[in-house]
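S.K.: My questions will all concern the structure given below.
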Amino acid sequence: MFDKLTAMLKADRKTIVFTEGPDARILDAAARLLKEDLMGVVLVGSEAEVKAAAQAGGYCIDGAQIIDPATYDGMDAMVEKMVELRKGKMTPEDCRKNLLKGNYFGTMLVKMGVADALLGGATYSTADTVRPALQLIKTKPGNTIVSSCFIMEREGELLAMGDCAINIHPTEDNLVEIAQETAKCAKIFGIDPKVAFLSFSTKGSAKDDEVTKVQNAVAKAKEVMDVPVDGEMQFDAAVNPEVGQRKFPGSQVAGQANTFIFPDVTSGNIGYKIAARLGGFAAYGPILLGLNAPINDLSRGCNAEEVYKMAIITTALA
């Protein structure tokens with residue numbers, strides 16, 4: 001998977017901004033990305049602090065652009081643009097204060113074209129990554145929510161799972177949008193999507209409002225998606241050919257699904273972590289979907305290898 005992505009990046013060079021420039025994990029990954037000449041790198045933070053941290057860790061970040069919000073020449077223009085984007089919800093003073101924070105400043109660098117993509121969250125929460133993105137980058141035309149997916153990899157096998165991180169109680173229309181965006185993301189990573197809407201019920205085997213929600217979402221998704229879609233189905237019916245055709249005969253998806261839409265974030269989060277911890281899949285994400293530019297979140301428990309791979313994934317989405 002990563003050979004394909006790195007080839008894409010070398011053919012069409014992009015720039016990523018890291019919102020936590022002095023963090024050792026960020027510097028480790030940035031040094032590797034620069035050495036391999038995969039992308040331009042912007043590190044947000046005090047130049048003295050970033051360089052001191054790089055020297056202390058032995059990371060060569062020659063070629064990276066270090067931008068300090070406190071001394072940034074374009075701050076006045078950035079404040080003006082943010083006031084315009086917030087449409088009266090923030091004063092110029094509020095905007096300037098927020099732009100001194102790496103998450104808001106980095107997001108505005110993407111908005112203003114200084115960088116093509118952003119990766120943050122090594123030291124702050126998912127909400128602190130998503131909030132500035134929603135306020136400044138905003139959702140794509142036709143999208144009403146930001147959602148997420150994970151790309152799962154095991155010995156060349158690739159799966160997509162959504163939404164595992166953002167929408168706690170998605171509506172049926174939310175599920176359709178999550179499915180559309182997850183399928184688009186899956187294609188970028190070389191997956192030919194066969195989309196299963198998951199449930200504790202298969203083809204009406206159980207009756208509940210949650211089952212009805214998924215059934216309605218499937219009906220709507222089939223009208224607007226150009227890839228195989230089916231459901232509602234249990235996970236065994238989605239992945240096991242024999243079980244799938246016994247429980248859901250004639251389905252183009254049952255028994256061969258590779259793109260999974262969970263009914264809520266609880267099941268999604270648990271599901272991808274079971275696949276990672278017990279199934280031996282590497283989990284890449286959460287990849288945020290539905291925004292006008294690639295903005296992605298790191299786990300605060302991430303390591304440098306995860307930062308490196310998520311940087312490649314994020315920038316490839318640009």
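As shown in the structure tokens, the chain order sets the letters A, B, ...; within each chain, residues go from 1, and ligands are also counted from 1 in the order they appear.
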For Met310 in chain A, please output as a list in words all residues within 9 Å (counting only C-alpha atoms; exclusion window: fewer than 4 positions along the same chain).
M.R.: Leu119, Tyr284, Gly285, Ile287, Asn296, Asp297, Leu298, Glu305, Glu306, Thr314 and Thr315 of chain A
S.K.: Would you pick out the contacts of range 106-111 of chain A at 9 Å or less, using only C-alpha atoms, so that residues sharing its chain but fewer than 2 positions from it are not included, and give the list as an MDAnalysis selection string?
M.R.: chainID A and resid 16:19 42:44 78 81:82 99 101:104 113:120 129 132:133 136:137 293:295
S.K.: Can you tell me which residues surround Glu157 in chain A at a distance of at most 10 Å, considering only C-alpha atoms, apart from same-chain residues fewer than 2 positions away, and format the answer as a list in words?
M.R.: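 Residues meeting the cut-off are Met1, Met152, Glu153, Arg154, Glu155, Leu159, Ile191, Asn258 and Phe281 of chain A.
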S.K.: At what distance in Å, to one decimal, does CA of Asp68 in chain A lie from CA of Thr91 in chain A?
M.R.: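 CA of Asp68 in chain A lies 21.9 Å from CA of Thr91 in chain A.
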S.K.: Any chance you could list, as an MDAnalysis selection string, the residues in range 255-295 of chain A that come up alpha helix (DSSP H) when DSSP is run on the backbone?
M.R.: chainID A and resid 265:277
S.K.: In terms of the shortest atom-to-atom distance over only C-alpha atoms, which of A:Gly40, A:Gly279, A:Gly74, A:Gly301 is closest to Asp62 in chain A?
M.R.: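 Under the stated criterion, the closest residue is A:Gly40.
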S.K.: Set the distance at 8 Å and use only C-alpha atoms: which residues neighbour range 168-182 of chain A once local chain neighbours fewer than 4 positions away are removed? I'd like the list as a ChimeraX atom specification.
M.R.: /A:143,145,147-149,160-163,186,195,213-214,216-218,220-221,225,259,261,263-266,289-290
S.K.: Keeping N, CA, C and O atoms, export the residues of the selection given above as a short mmCIF file (atom, residue, chain, number, x, y, z; two decimals), in the first residue's frame.
M.R.:
```
data_model
loop_
_atom_site.label_atom_id
_atom_site.label_comp_id
_atom_site.auth_asym_id
_atom_site.auth_seq_id
_atom_site.Cartn_x
_atom_site.Cartn_y
_atom_site.Cartn_z
N ASN A 143 -21.71 17.72 1.61
CA ASN A 143 -21.49 16.99 2.86
C ASN A 143 -22.05 17.79 4.03
O ASN A 143 -21.95 19.02 4.07
N ILE A 145 -21.57 16.40 7.40
CA ILE A 145 -20.83 15.98 8.59
C ILE A 145 -19.38 15.69 8.24
O ILE A 145 -19.03 15.48 7.08
N SER A 147 -16.78 12.74 9.10
CA SER A 147 -16.76 11.39 9.61
C SER A 147 -15.33 10.86 9.56
O SER A 147 -14.40 11.63 9.37
N SER A 148 -15.16 9.55 9.74
CA SER A 148 -13.81 9.02 9.74
C SER A 148 -13.82 7.56 9.30
O SER A 148 -14.85 6.89 9.35
N CYS A 149 -12.68 7.10 8.86
CA CYS A 149 -12.52 5.67 8.61
C CYS A 149 -11.10 5.26 8.98
O CYS A 149 -10.21 6.09 9.13
N ALA A 160 -11.57 -1.32 4.77
CA ALA A 160 -11.92 0.02 5.25
C ALA A 160 -13.05 -0.10 6.25
O ALA A 160 -13.99 -0.89 6.05
N MET A 161 -12.97 0.67 7.35
CA MET A 161 -13.98 0.64 8.40
C MET A 161 -14.37 2.05 8.80
O MET A 161 -13.51 2.88 9.10
N GLY A 162 -15.67 2.35 8.81
CA GLY A 162 -16.12 3.67 9.20
C GLY A 162 -17.50 3.59 9.87
O GLY A 162 -18.22 2.62 9.67
N ASP A 163 -17.88 4.52 10.66
CA ASP A 163 -17.11 5.58 11.27
C ASP A 163 -16.70 5.08 12.65
O ASP A 163 -17.56 4.69 13.43
N ALA A 186 -11.55 4.35 0.43
CA ALA A 186 -11.07 3.00 0.16
C ALA A 186 -10.45 2.91 -1.23
O ALA A 186 -9.40 2.28 -1.43
N VAL A 195 -19.49 -2.78 0.01
CA VAL A 195 -19.85 -2.09 1.25
C VAL A 195 -20.94 -2.85 2.01
O VAL A 195 -22.05 -3.06 1.49
N LYS A 213 -33.10 1.65 11.29
CA LYS A 213 -32.23 2.75 10.87
C LYS A 213 -31.22 2.28 9.82
O LYS A 213 -31.03 2.95 8.78
N VAL A 214 -30.60 1.14 10.06
CA VAL A 214 -29.61 0.63 9.11
C VAL A 214 -30.28 0.20 7.81
O VAL A 214 -29.77 0.47 6.71
N ASN A 216 -32.97 1.42 6.45
CA ASN A 216 -33.30 2.63 5.70
C ASN A 216 -32.06 3.24 5.07
O ASN A 216 -32.12 3.75 3.94
N ALA A 217 -30.96 3.22 5.80
CA ALA A 217 -29.71 3.76 5.26
C ALA A 217 -29.26 2.96 4.04
O ALA A 217 -28.80 3.53 3.04
N VAL A 218 -29.38 1.65 4.11
CA VAL A 218 -29.00 0.80 2.97
C VAL A 218 -29.84 1.14 1.74
O VAL A 218 -29.31 1.29 0.63
N LYS A 220 -31.30 3.91 0.98
CA LYS A 220 -30.88 5.22 0.45
C LYS A 220 -29.51 5.13 -0.22
O LYS A 220 -29.28 5.75 -1.27
N ALA A 221 -28.59 4.38 0.39
CA ALA A 221 -27.24 4.26 -0.16
C ALA A 221 -27.26 3.60 -1.54
O ALA A 221 -26.52 3.98 -2.44
N MET A 225 -25.08 5.36 -4.53
CA MET A 225 -23.72 4.85 -4.61
C MET A 225 -23.56 3.95 -5.83
O MET A 225 -24.46 3.20 -6.19
N THR A 259 -15.46 -3.26 2.90
CA THR A 259 -15.70 -1.91 3.40
C THR A 259 -16.90 -1.99 4.34
O THR A 259 -18.00 -2.36 3.90
N ILE A 261 -19.49 -0.47 7.30
CA ILE A 261 -20.11 0.70 7.90
C ILE A 261 -20.79 0.26 9.18
O ILE A 261 -21.73 -0.54 9.17
N PRO A 263 -22.97 0.78 12.72
CA PRO A 263 -24.18 1.54 13.02
C PRO A 263 -23.97 2.70 13.98
O PRO A 263 -24.80 3.60 14.06
N ASP A 264 -22.86 2.69 14.73
CA ASP A 264 -22.56 3.78 15.66
C ASP A 264 -21.08 3.73 16.00
O ASP A 264 -20.37 2.78 15.66
N VAL A 265 -20.59 4.77 16.65
CA VAL A 265 -19.15 4.86 16.91
C VAL A 265 -18.70 3.85 17.97
O VAL A 265 -17.54 3.41 17.96
N THR A 266 -19.60 3.44 18.86
CA THR A 266 -19.23 2.45 19.87
C THR A 266 -18.81 1.14 19.20
O THR A 266 -17.72 0.62 19.46
N LEU A 289 -12.95 12.39 7.07
CA LEU A 289 -13.61 12.41 5.77
C LEU A 289 -14.63 13.54 5.71
O LEU A 289 -15.23 13.91 6.71
N GLY A 290 -14.82 14.08 4.51
CA GLY A 290 -15.86 15.08 4.29
C GLY A 290 -15.39 16.52 4.34
O GLY A 290 -16.20 17.42 4.13
#
```
S.K.: I'd like to know which of A:Asp226, A:Gly190, A:Gln245, A:Gln256 is closest to Phe2 in chain A, using only C-alpha atoms.
M.R.: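 Residue with the minimum atom-to-atom distance to Phe2 in chain A: A:Gly190.
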S.K.: Which of range 3-198 of chain A end up as strand (DSSP E or B) when DSSP is run on this backbone - answer as a PyMOL selection string?
M.R.: chain A and resi 15-18+40-44+65-67+117-120+139+147-154+157-162+195-198
S.K.: Would you save the residues of that selection, restricted to N, CA, C and O atoms, as a short mmCIF file (atom, residue, chain, number, x, y, z; two decimals), in the first residue's frame?
M.R.:
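Written file, selection13.cif:
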```
data_model
loop_
_atom_site.label_atom_id
_atom_site.label_comp_id
_atom_site.auth_asym_id
_atom_site.auth_seq_id
_atom_site.Cartn_x
_atom_site.Cartn_y
_atom_site.Cartn_z
N THR A 15 2.71 19.58 0.40
CA THR A 15 3.32 20.04 1.65
C THR A 15 2.38 19.75 2.80
O THR A 15 1.17 20.01 2.72
N ILE A 16 2.93 19.22 3.89
CA ILE A 16 2.16 18.93 5.09
C ILE A 16 2.62 19.84 6.22
O ILE A 16 3.80 20.20 6.31
N VAL A 17 1.67 20.23 7.07
CA VAL A 17 2.01 21.00 8.27
C VAL A 17 1.78 20.13 9.49
O VAL A 17 0.74 19.47 9.61
N PHE A 18 2.77 20.08 10.36
CA PHE A 18 2.67 19.40 11.66
C PHE A 18 2.46 20.48 12.71
O PHE A 18 3.27 21.42 12.83
N GLY A 40 6.98 18.43 1.13
CA GLY A 40 7.44 19.56 1.90
C GLY A 40 6.91 19.46 3.32
O GLY A 40 5.83 18.93 3.55
N VAL A 41 7.68 19.97 4.28
CA VAL A 41 7.32 19.86 5.69
C VAL A 41 7.33 21.23 6.35
O VAL A 41 8.31 21.97 6.24
N VAL A 42 6.22 21.56 7.01
CA VAL A 42 6.13 22.76 7.83
C VAL A 42 5.96 22.32 9.27
O VAL A 42 5.09 21.51 9.59
N LEU A 43 6.80 22.86 10.15
CA LEU A 43 6.73 22.55 11.58
C LEU A 43 6.29 23.82 12.32
O LEU A 43 6.92 24.87 12.18
N VAL A 44 5.20 23.73 13.07
CA VAL A 44 4.70 24.88 13.82
C VAL A 44 5.35 24.90 15.20
O VAL A 44 5.34 23.90 15.93
N GLN A 65 10.37 23.90 6.89
CA GLN A 65 10.04 25.28 7.18
C GLN A 65 9.48 25.34 8.60
O GLN A 65 8.51 24.65 8.91
N ILE A 66 10.09 26.12 9.45
CA ILE A 66 9.62 26.27 10.83
C ILE A 66 8.90 27.61 10.93
O ILE A 66 9.47 28.66 10.61
N ILE A 67 7.65 27.58 11.37
CA ILE A 67 6.87 28.81 11.46
C ILE A 67 6.36 28.98 12.88
O ILE A 67 5.67 28.11 13.42
N ALA A 117 -1.99 19.91 3.50
CA ALA A 117 -2.58 18.94 4.43
C ALA A 117 -2.04 19.21 5.82
O ALA A 117 -1.01 19.89 5.99
N LEU A 118 -2.73 18.67 6.83
CA LEU A 118 -2.33 18.89 8.22
C LEU A 118 -2.43 17.58 9.00
O LEU A 118 -3.36 16.79 8.82
N LEU A 119 -1.45 17.39 9.88
CA LEU A 119 -1.48 16.26 10.81
C LEU A 119 -1.17 16.79 12.20
O LEU A 119 -0.16 17.46 12.42
N GLY A 120 -2.08 16.51 13.13
CA GLY A 120 -1.89 16.99 14.50
C GLY A 120 -2.52 16.03 15.49
O GLY A 120 -3.07 14.99 15.12
N THR A 139 -16.85 21.58 5.63
CA THR A 139 -17.15 20.37 4.88
C THR A 139 -17.28 20.66 3.39
O THR A 139 -17.59 21.77 2.98
N SER A 147 -16.78 12.74 9.10
CA SER A 147 -16.76 11.39 9.61
C SER A 147 -15.33 10.86 9.56
O SER A 147 -14.40 11.63 9.37
N SER A 148 -15.16 9.55 9.74
CA SER A 148 -13.81 9.02 9.74
C SER A 148 -13.82 7.56 9.30
O SER A 148 -14.85 6.89 9.35
N CYS A 149 -12.68 7.10 8.86
CA CYS A 149 -12.52 5.67 8.61
C CYS A 149 -11.10 5.26 8.98
O CYS A 149 -10.21 6.09 9.13
N PHE A 150 -10.94 3.97 9.15
CA PHE A 150 -9.63 3.36 9.32
C PHE A 150 -9.36 2.46 8.12
O PHE A 150 -10.26 1.75 7.67
N ILE A 151 -8.15 2.51 7.61
CA ILE A 151 -7.69 1.53 6.64
C ILE A 151 -6.93 0.46 7.42
O ILE A 151 -6.00 0.77 8.17
N MET A 152 -7.37 -0.78 7.25
CA MET A 152 -6.79 -1.90 7.97
C MET A 152 -5.97 -2.75 6.99
O MET A 152 -6.43 -3.05 5.89
N GLU A 153 -4.75 -3.14 7.40
CA GLU A 153 -3.86 -3.89 6.51
C GLU A 153 -3.28 -5.09 7.23
O GLU A 153 -2.78 -4.98 8.36
N ARG A 154 -3.33 -6.24 6.58
CA ARG A 154 -2.70 -7.45 7.12
C ARG A 154 -2.21 -8.30 5.95
O ARG A 154 -3.00 -8.82 5.18
N GLU A 157 -3.72 -7.73 2.66
CA GLU A 157 -5.18 -7.61 2.67
C GLU A 157 -5.55 -6.22 3.21
O GLU A 157 -5.05 -5.80 4.24
N LEU A 158 -6.44 -5.54 2.49
CA LEU A 158 -6.85 -4.18 2.87
C LEU A 158 -8.36 -4.13 3.11
O LEU A 158 -9.14 -4.66 2.32
N LEU A 159 -8.75 -3.49 4.19
CA LEU A 159 -10.14 -3.27 4.53
C LEU A 159 -10.34 -1.80 4.89
O LEU A 159 -9.39 -1.13 5.31
N ALA A 160 -11.57 -1.32 4.77
CA ALA A 160 -11.92 0.02 5.25
C ALA A 160 -13.05 -0.10 6.25
O ALA A 160 -13.99 -0.89 6.05
N MET A 161 -12.97 0.67 7.35
CA MET A 161 -13.98 0.64 8.40
C MET A 161 -14.37 2.05 8.80
O MET A 161 -13.51 2.88 9.10
N GLY A 162 -15.67 2.35 8.81
CA GLY A 162 -16.12 3.67 9.20
C GLY A 162 -17.50 3.59 9.87
O GLY A 162 -18.22 2.62 9.67
N VAL A 195 -19.49 -2.78 0.01
CA VAL A 195 -19.85 -2.09 1.25
C VAL A 195 -20.94 -2.85 2.01
O VAL A 195 -22.05 -3.06 1.49
N ALA A 196 -20.62 -3.23 3.23
CA ALA A 196 -21.59 -3.91 4.10
C ALA A 196 -21.99 -2.97 5.24
O ALA A 196 -21.13 -2.47 5.98
N PHE A 197 -23.28 -2.72 5.37
CA PHE A 197 -23.81 -2.00 6.51
C PHE A 197 -24.05 -3.02 7.62
O PHE A 197 -24.88 -3.93 7.48
N LEU A 198 -23.33 -2.88 8.71
CA LEU A 198 -23.33 -3.89 9.77
C LEU A 198 -24.42 -3.66 10.81
O LEU A 198 -24.85 -2.53 11.04
#
```
S.K.: With distances taken over only C-alpha atoms, which of A:Asp94, A:Asp192, A:Glu47, A:Asp209 is nearest to Pro228 in chain A?
M.R.: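 The closest residue to Pro228 in chain A is A:Asp192.
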S.K.: Figure out the distance between CA of Ala29 in chain A and CA of Ala48 in chain A, please, to one decimal in Å.
M.R.: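 Distance reported for this atom pair: 19.1 Å.
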S.K.: To one decimal place, how far is CA of Asn98 in chain A from CA of Pro22 in chain A in Å?
M.R.: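 So the two atoms, CA of Asn98 in chain A and CA of Pro22 in chain A, lie 19.0 Å apart.
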S.K.: Between A:Ala282, A:Val83, A:Ala275, A:Lys10, single out the one closest to Lys309 in chain A, counting only C-alpha atoms.
M.R.: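 So, comparing all the options, the nearest one is A:Ala282.
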